[in-house]
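Visitor: What follows is a structure written as structure tokens; I'll ask about it next.
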Amino acid sequence: MSTARHTQAADQLDPPRSSPDLDVRDLEKRTRLMRIVTRLIAVSDLGCREIARRAGLPAQKVSDLLSGRLEHLSVEELQLLYRTIDPEPTAH
């Protein structure tokens with residue numbers, strides 16, 4: 001049996017995943033935002049609960065972020081947190 005047949009059979013058993021959660025670019029963007037937002041939270045005068053309240057998110061989302069559970073937050077939620085903490089971002 002050739003390698004091509006083995007590969008074809010494996011593809012049929014385990015088709016490629018196309019879930020948005022597995023998109024590398026999305027993951028990289030979320031990781032960058034996570035690092036920025038985590039740093040902003042650390043130097044902010046606001047507490048985590050107040051940041052979550054102002055962003056309109058459950059406090060658990062901020063807790064997940066600070067615990068490194070990136071899979072629990074979307075890009076949109078991270079951007080919302082960023083705008084809540086730093087409403088007037090400076091140009092770099």
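To be explicit about the labels: the chains of the structure tokens are called A, B, and onward in the order shown, and within each one the residues are counted from 1, while ligands get numbers from 1 in the order they are shown.
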Using only C-alpha atoms, determine which residues lie at most 12 Å from Arg69 in chain A, disregarding the query and same-chain residues fewer than 2 positions distant; provide the list as a PyMOL selection string.

Guide: chain A and resi 30-31+34-35+38+60-67+71-74

Visitor: Identify, on the basis of only C-alpha atoms, every residue whose closest approach to Tyr82 in chain A does not exceed 9 Å; exclude the query and any residue fewer than 4 positions from it along the same chain; express the result as JSON, numbers by chain.

Guide: {"A": [33, 36, 37, 40, 77, 78, 86, 87, 89]}

Visitor: Report, in Å to a single decimal, how far apart CA of Asp26 in chain A and CA of Leu46 in chain A are.

Guide: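 Atom-to-atom, CA of Leu46 in chain A and CA of Asp26 in chain A are spaced 28.0 Å apart.
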
Visitor: Among the residues of range 9-85 of chain A, find those DSSP assigns to helix (DSSP H, G or I) from the backbone and print them as a PyMOL selection string.

Guide: chain A and resi 9-13+20-22+24-43+48-55+59-66+70-72+75-85

Visitor: Measure the distance from CA of Arg25 in chain A to CA of Arg54 in chain A in Å and round it to one decimal.

Guide: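 It comes out at 28.1 Å.
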
Visitor: Could you check how far CA of Leu80 in chain A sits from CA of Arg53 in chain A, in Å to one decimal?

Guide: 11.5 Å

Visitor: Using only C-alpha atoms, which residue out of A:Val75, A:Leu70, A:Ile85, A:Leu27 lies closest to Ile51 in chain A?

Guide: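 Answer, going by the shortest atom-to-atom distance: A:Ile85.
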